[in-house]
Amino acid sequence: MKTQVAIIGGGPSGLLLGQLLHKRGIDTVVLERKTRDYVLSRIRAGVLEQGLVDLMEEAGCGDRMQREGIRHDGTLISYGDQMFRVDFTEHTSRPVMVYGQTEVTRDLYDARTAKTVFNVDQVRICDADTDAPYVTYNVDGAPQRIDCDFVAGCDGFHGVSRNTIPLSVRREYEKVYPFGWLGVLSETPPVNEELIYANSDRGFALCSMRNPQLSRYYIQCSLADSVADWTDDAFWAELKRRLPPDQAQALVTGPSIEKSIAPLRSFVTEPMRWGRLFLCGDAAHIVPPTGAKGLNTAASDVHYLYQGLRQYYEDGVTDGIDAYSEQALARVWKVERFSWWFSSLMHRYPDQSEFDLRIQRAELEFLRSNAAAQAAMAQNYVGLPY
Ligand code: APR
Ligand code: PHB
């Protein structure tokens, strides 16, 4: 088989890149390890930056998102019994859109008419450092090969693309956080119209949503915890302890329809290109979910790579793809910083001293009382320019 761009991974990165290229008549094949249903069963974050909304529109996949997505012009932040609002549109003139990543992925799959191969295994990226790269893989036990011009490694943190780049070339940077997030999805109305990020002396909590009848809640938990340790009642009781009293009072609880624990890490691979292999999204970087930046940073990678490949095929120049790694990493590191900062502000760390706690509270007080601090947070939260 031959194609122009072989895309490893059928998550949001691979599908969005594939759809954008397909719309420009550039031939792609997506190779996905799992089934479509398995990919769509993953519950992930739900806040889209305007840049991703625009890319979905450009990909011709924005209709349901515009119908069902919820525009948010600000967010709430609480600590102790205090709660204040950071207004996005006042400081940036841009909102964010609340719309589940699962729905983004579903819309991209529904639109995809180019070739997607599911249930692949033994994927190998070969000769990426030559002008004739190819990908080998098995499907239904039969060995296959795709010859291509370029390979887009969109196969997430546990994929094969990143490790295709030789250790002599690759540099990795990592920070692992000493806690996890226990997340619950419930068919209950959200406690508030806006998201609530809560710093309490018992740890972090987050109140989010998917639609007016579907809520998403998280509490910071120990890495030693397992889902089995948390009954629904225990979860709701703990969430209420971490919210301001009026919000705890207003919380509508119900049976969890999904419950999972996610570890938190910051991670970056440099470079994001090796020869004709380009890394996109979680394959290249991971952020703690505090700032809702995982999907949105995958989107900015896709934007840069799509523009570079489009320029290569349409104008015959390589400036865009040659600049890809440096351009993408410049934004990735700013997002890593924001996600680290917001995580440091909102969580309780096991090794925090009394001094550290006072510094954290002073930072929250400064954010609550200072317009410039709120503007800086809003600029990062709604999404730095591409
Ligand atoms: N071969 C083929 N497909 C693979 C392989 C492989 N060796 N390894 C992983 N995959 C697939 C996974 O099954 C998954 O569907 O690649 C896809 C990668 O998707 P994601 O992990 O969702 O990564 P990405 O598309 O970059 O999206 C980033 O997803 O994980 C969240 O928080 C993250 O919101 C962010 C977003
Ligand atoms: C979510 O709705 O899942 C969500 C929202 C905001 C975050 C993280 C997760 O910062």
# chains A, B, ... in the order shown; residues from 1 in each chain; ligands from 1

call {"tool": "closest_atom_pairs", "arguments": {"of": "chain A", "to": "ligand 2", "cutoff": "6 Å", "atoms": "only C-alpha atoms and all ligand atoms", "output": "CSV"}}
result
residue,atom,partner,partner_atom_place_in_ligand_line,distance
A:Arg44,CA,ligand 2,3 (O),5.8
A:Ala45,CA,ligand 2,3 (O),3.4
A:Gly46,CA,ligand 2,2 (O),4.2
A:Val47,CA,ligand 2,5 (C),5.6
A:Ser208,CA,ligand 2,2 (O),4.6
A:Met209,CA,ligand 2,2 (O),5.4
A:Arg216,CA,ligand 2,2 (O),5.7
A:Pro289,CA,ligand 2,8 (C),4.9
A:Thr290,CA,ligand 2,10 (O),4.1
A:Gly291,CA,ligand 2,10 (O),4.3
A:Ala292,CA,ligand 2,10 (O),3.8

call {"tool": "residues_around", "arguments": {"residues": "A:Val191", "least_positions_apart": "3", "cutoff": "8 Å", "atoms": "only C-alpha atoms", "output": "ChimeraX atom specification"}}
result
/A:207,247,250-252

call {"tool": "select_by_dssp", "arguments": {"residues": "stretch 52-178 of chain A", "states": "helix (DSSP H, G or I)", "output": "JSON list (two decimals) with N, CA, C and O atoms, in the first residue's frame"}}
result
[["chain", "number", "residue", "atom", "x", "y", "z"],
["A", 52, "LEU", "N", -8.95, 24.94, 18.77],
["A", 52, "LEU", "CA", -9.41, 23.59, 18.41],
["A", 52, "LEU", "C", -10.80, 23.67, 17.78],
["A", 52, "LEU", "O", -11.09, 22.97, 16.80],
["A", 53, "VAL", "N", -11.66, 24.54, 18.32],
["A", 53, "VAL", "CA", -12.99, 24.74, 17.71],
["A", 53, "VAL", "C", -12.83, 25.15, 16.25],
["A", 53, "VAL", "O", -13.48, 24.60, 15.36],
["A", 54, "ASP", "N", -11.91, 26.07, 15.98],
["A", 54, "ASP", "CA", -11.67, 26.53, 14.60],
["A", 54, "ASP", "C", -11.15, 25.40, 13.71],
["A", 54, "ASP", "O", -11.55, 25.26, 12.55],
["A", 55, "LEU", "N", -10.27, 24.56, 14.27],
["A", 55, "LEU", "CA", -9.73, 23.45, 13.47],
["A", 55, "LEU", "C", -10.83, 22.44, 13.15],
["A", 55, "LEU", "O", -10.91, 21.90, 12.04],
["A", 56, "MET", "N", -11.72, 22.19, 14.12],
["A", 56, "MET", "CA", -12.84, 21.26, 13.86],
["A", 56, "MET", "C", -13.74, 21.82, 12.76],
["A", 56, "MET", "O", -14.21, 21.09, 11.89],
["A", 57, "GLU", "N", -13.96, 23.13, 12.78],
["A", 57, "GLU", "CA", -14.75, 23.76, 11.71],
["A", 57, "GLU", "C", -14.03, 23.59, 10.38],
["A", 57, "GLU", "O", -14.63, 23.18, 9.38],
["A", 58, "GLU", "N", -12.70, 23.85, 10.37],
["A", 58, "GLU", "CA", -11.93, 23.75, 9.12],
["A", 58, "GLU", "C", -11.95, 22.31, 8.60],
["A", 58, "GLU", "O", -11.94, 22.06, 7.39],
["A", 63, "ASP", "N", -20.27, 20.81, 13.22],
["A", 63, "ASP", "CA", -21.72, 21.08, 13.35],
["A", 63, "ASP", "C", -22.27, 20.67, 14.71],
["A", 63, "ASP", "O", -22.87, 21.46, 15.43],
["A", 64, "ARG", "N", -22.06, 19.41, 15.11],
["A", 64, "ARG", "CA", -22.64, 18.94, 16.38],
["A", 64, "ARG", "C", -21.99, 19.67, 17.55],
["A", 64, "ARG", "O", -22.65, 20.03, 18.53],
["A", 65, "MET", "N", -20.70, 19.94, 17.43],
["A", 65, "MET", "CA", -19.99, 20.68, 18.48],
["A", 65, "MET", "C", -20.65, 22.05, 18.68],
["A", 65, "MET", "O", -20.91, 22.48, 19.81],
["A", 66, "GLN", "N", -20.97, 22.73, 17.58],
["A", 66, "GLN", "CA", -21.61, 24.05, 17.70],
["A", 66, "GLN", "C", -23.02, 23.93, 18.28],
["A", 66, "GLN", "O", -23.48, 24.80, 19.01],
["A", 67, "ARG", "N", -23.69, 22.81, 17.96],
["A", 67, "ARG", "CA", -25.06, 22.63, 18.48],
["A", 67, "ARG", "C", -25.05, 22.25, 19.96],
["A", 67, "ARG", "O", -25.81, 22.78, 20.77],
["A", 68, "GLU", "N", -24.16, 21.33, 20.32],
["A", 68, "GLU", "CA", -24.22, 20.75, 21.66],
["A", 68, "GLU", "C", -23.15, 21.29, 22.62],
["A", 68, "GLU", "O", -23.27, 21.13, 23.83],
["A", 88, "PHE", "N", -12.94, 35.12, 31.39],
["A", 88, "PHE", "CA", -12.11, 34.94, 30.19],
["A", 88, "PHE", "C", -12.33, 36.06, 29.19],
["A", 88, "PHE", "O", -11.41, 36.65, 28.64],
["A", 89, "THR", "N", -13.60, 36.36, 28.92],
["A", 89, "THR", "CA", -13.86, 37.31, 27.83],
["A", 89, "THR", "C", -13.47, 38.72, 28.24],
["A", 89, "THR", "O", -13.06, 39.51, 27.39],
["A", 90, "GLU", "N", -13.54, 39.04, 29.53],
["A", 90, "GLU", "CA", -13.09, 40.38, 29.98],
["A", 90, "GLU", "C", -11.60, 40.57, 29.68],
["A", 90, "GLU", "O", -11.15, 41.62, 29.25],
["A", 91, "HIS", "N", -10.82, 39.50, 29.87],
["A", 91, "HIS", "CA", -9.36, 39.63, 29.75],
["A", 91, "HIS", "C", -8.82, 39.21, 28.39],
["A", 91, "HIS", "O", -7.70, 39.56, 28.01],
["A", 92, "THR", "N", -9.61, 38.40, 27.65],
["A", 92, "THR", "CA", -9.03, 37.87, 26.40],
["A", 92, "THR", "C", -9.96, 38.00, 25.20],
["A", 92, "THR", "O", -9.56, 37.70, 24.11],
["A", 101, "GLN", "N", -14.12, 15.27, 24.90],
["A", 101, "GLN", "CA", -13.14, 14.77, 23.92],
["A", 101, "GLN", "C", -13.70, 13.57, 23.19],
["A", 101, "GLN", "O", -13.46, 13.37, 22.00],
["A", 102, "THR", "N", -14.48, 12.76, 23.91],
["A", 102, "THR", "CA", -15.10, 11.59, 23.27],
["A", 102, "THR", "C", -15.96, 12.03, 22.09],
["A", 102, "THR", "O", -15.98, 11.40, 21.03],
["A", 103, "GLU", "N", -16.65, 13.17, 22.29],
["A", 103, "GLU", "CA", -17.54, 13.67, 21.21],
["A", 103, "GLU", "C", -16.71, 14.22, 20.06],
["A", 103, "GLU", "O", -17.07, 14.05, 18.89],
["A", 104, "VAL", "N", -15.59, 14.88, 20.38],
["A", 104, "VAL", "CA", -14.69, 15.36, 19.33],
["A", 104, "VAL", "C", -14.22, 14.18, 18.49],
["A", 104, "VAL", "O", -14.28, 14.19, 17.25],
["A", 105, "THR", "N", -13.81, 13.10, 19.18],
["A", 105, "THR", "CA", -13.30, 11.92, 18.48],
["A", 105, "THR", "C", -14.40, 11.26, 17.66],
["A", 105, "THR", "O", -14.19, 10.86, 16.51],
["A", 106, "ARG", "N", -15.59, 11.21, 18.23],
["A", 106, "ARG", "CA", -16.73, 10.61, 17.51],
["A", 106, "ARG", "C", -17.04, 11.40, 16.23],
["A", 106, "ARG", "O", -17.21, 10.81, 15.15],
["A", 107, "ASP", "N", -17.05, 12.72, 16.36],
["A", 107, "ASP", "CA", -17.34, 13.56, 15.18],
["A", 107, "ASP", "C", -16.27, 13.36, 14.10],
["A", 107, "ASP", "O", -16.57, 13.33, 12.90],
["A", 108, "LEU", "N", -15.02, 13.19, 14.53],
["A", 108, "LEU", "CA", -13.94, 12.99, 13.55],
["A", 108, "LEU", "C", -14.06, 11.61, 12.89],
["A", 108, "LEU", "O", -13.87, 11.48, 11.67],
["A", 109, "TYR", "N", -14.41, 10.59, 13.66],
["A", 109, "TYR", "CA", -14.61, 9.27, 13.06],
["A", 109, "TYR", "C", -15.79, 9.28, 12.09],
["A", 109, "TYR", "O", -15.74, 8.73, 11.00],
["A", 110, "ASP", "N", -16.87, 9.96, 12.51],
["A", 110, "ASP", "CA", -18.05, 9.99, 11.63],
["A", 110, "ASP", "C", -17.74, 10.66, 10.29],
["A", 110, "ASP", "O", -18.34, 10.34, 9.27],
["A", 111, "ALA", "N", -16.79, 11.59, 10.32],
["A", 111, "ALA", "CA", -16.49, 12.34, 9.09],
["A", 111, "ALA", "C", -15.47, 11.62, 8.21],
["A", 111, "ALA", "O", -15.36, 11.87, 7.02],
["A", 162, "ARG", "N", 7.43, 7.67, 19.47],
["A", 162, "ARG", "CA", 8.47, 8.41, 20.21],
["A", 162, "ARG", "C", 9.74, 7.58, 20.29],
["A", 162, "ARG", "O", 10.86, 8.07, 20.08],
["A", 163, "ASN", "N", 9.58, 6.27, 20.55],
["A", 163, "ASN", "CA", 10.75, 5.41, 20.74],
["A", 163, "ASN", "C", 11.43, 5.05, 19.42],
["A", 163, "ASN", "O", 12.48, 4.40, 19.43],
["A", 164, "THR", "N", 10.84, 5.50, 18.31],
["A", 164, "THR", "CA", 11.50, 5.29, 17.01],
["A", 164, "THR", "C", 12.68, 6.26, 16.87],
["A", 164, "THR", "O", 13.65, 5.99, 16.17]]

call {"tool": "residues_near_ligand", "arguments": {"ligand": "ligand 1", "cutoff": "7 Å", "atoms": "only C-alpha atoms and all ligand atoms", "output": "PyMOL selection string"}}
result
chain A and resi 8-14+31-34+39+44-45+101+120-123+154-160+280-283+294-295+298

call {"tool": "select_by_dssp", "arguments": {"residues": "stretch 154-210 of chain A", "states": "strand (DSSP E)", "output": "ChimeraX atom specification"}}
result
/A:171-186,196-200,203-210

call {"tool": "residues_around", "arguments": {"residues": "A:Ala6", "least_positions_apart": "6", "cutoff": "8 Å", "atoms": "only C-alpha atoms", "output": "PDB file with C-alpha atoms, in the first residue's frame"}}
result
ATOM      1  CA  THR A  28      -3.595   9.503   4.477  1.00  0.00           C
ATOM      2  CA  VAL A  29      -3.995   6.144   6.183  1.00  0.00           C
ATOM      3  CA  VAL A  30      -4.711   5.967   9.935  1.00  0.00           C
ATOM      4  CA  LEU A  31      -3.442   2.871  11.760  1.00  0.00           C
ATOM      5  CA  VAL A 135       5.483   1.415   8.143  1.00  0.00           C
ATOM      6  CA  ILE A 146       2.692   1.075   3.794  1.00  0.00           C
ATOM      7  CA  CYS A 148       4.722   6.860   2.411  1.00  0.00           C
ATOM      8  CA  ASP A 149       6.243  10.324   2.163  1.00  0.00           C
ATOM      9  CA  PHE A 150       5.827  11.137   5.868  1.00  0.00           C
ATOM     10  CA  VAL A 151       4.808   9.440   9.127  1.00  0.00           C
ATOM     11  CA  ALA A 152       2.769  11.286  11.777  1.00  0.00           C
TER      12      ALA A 152
END
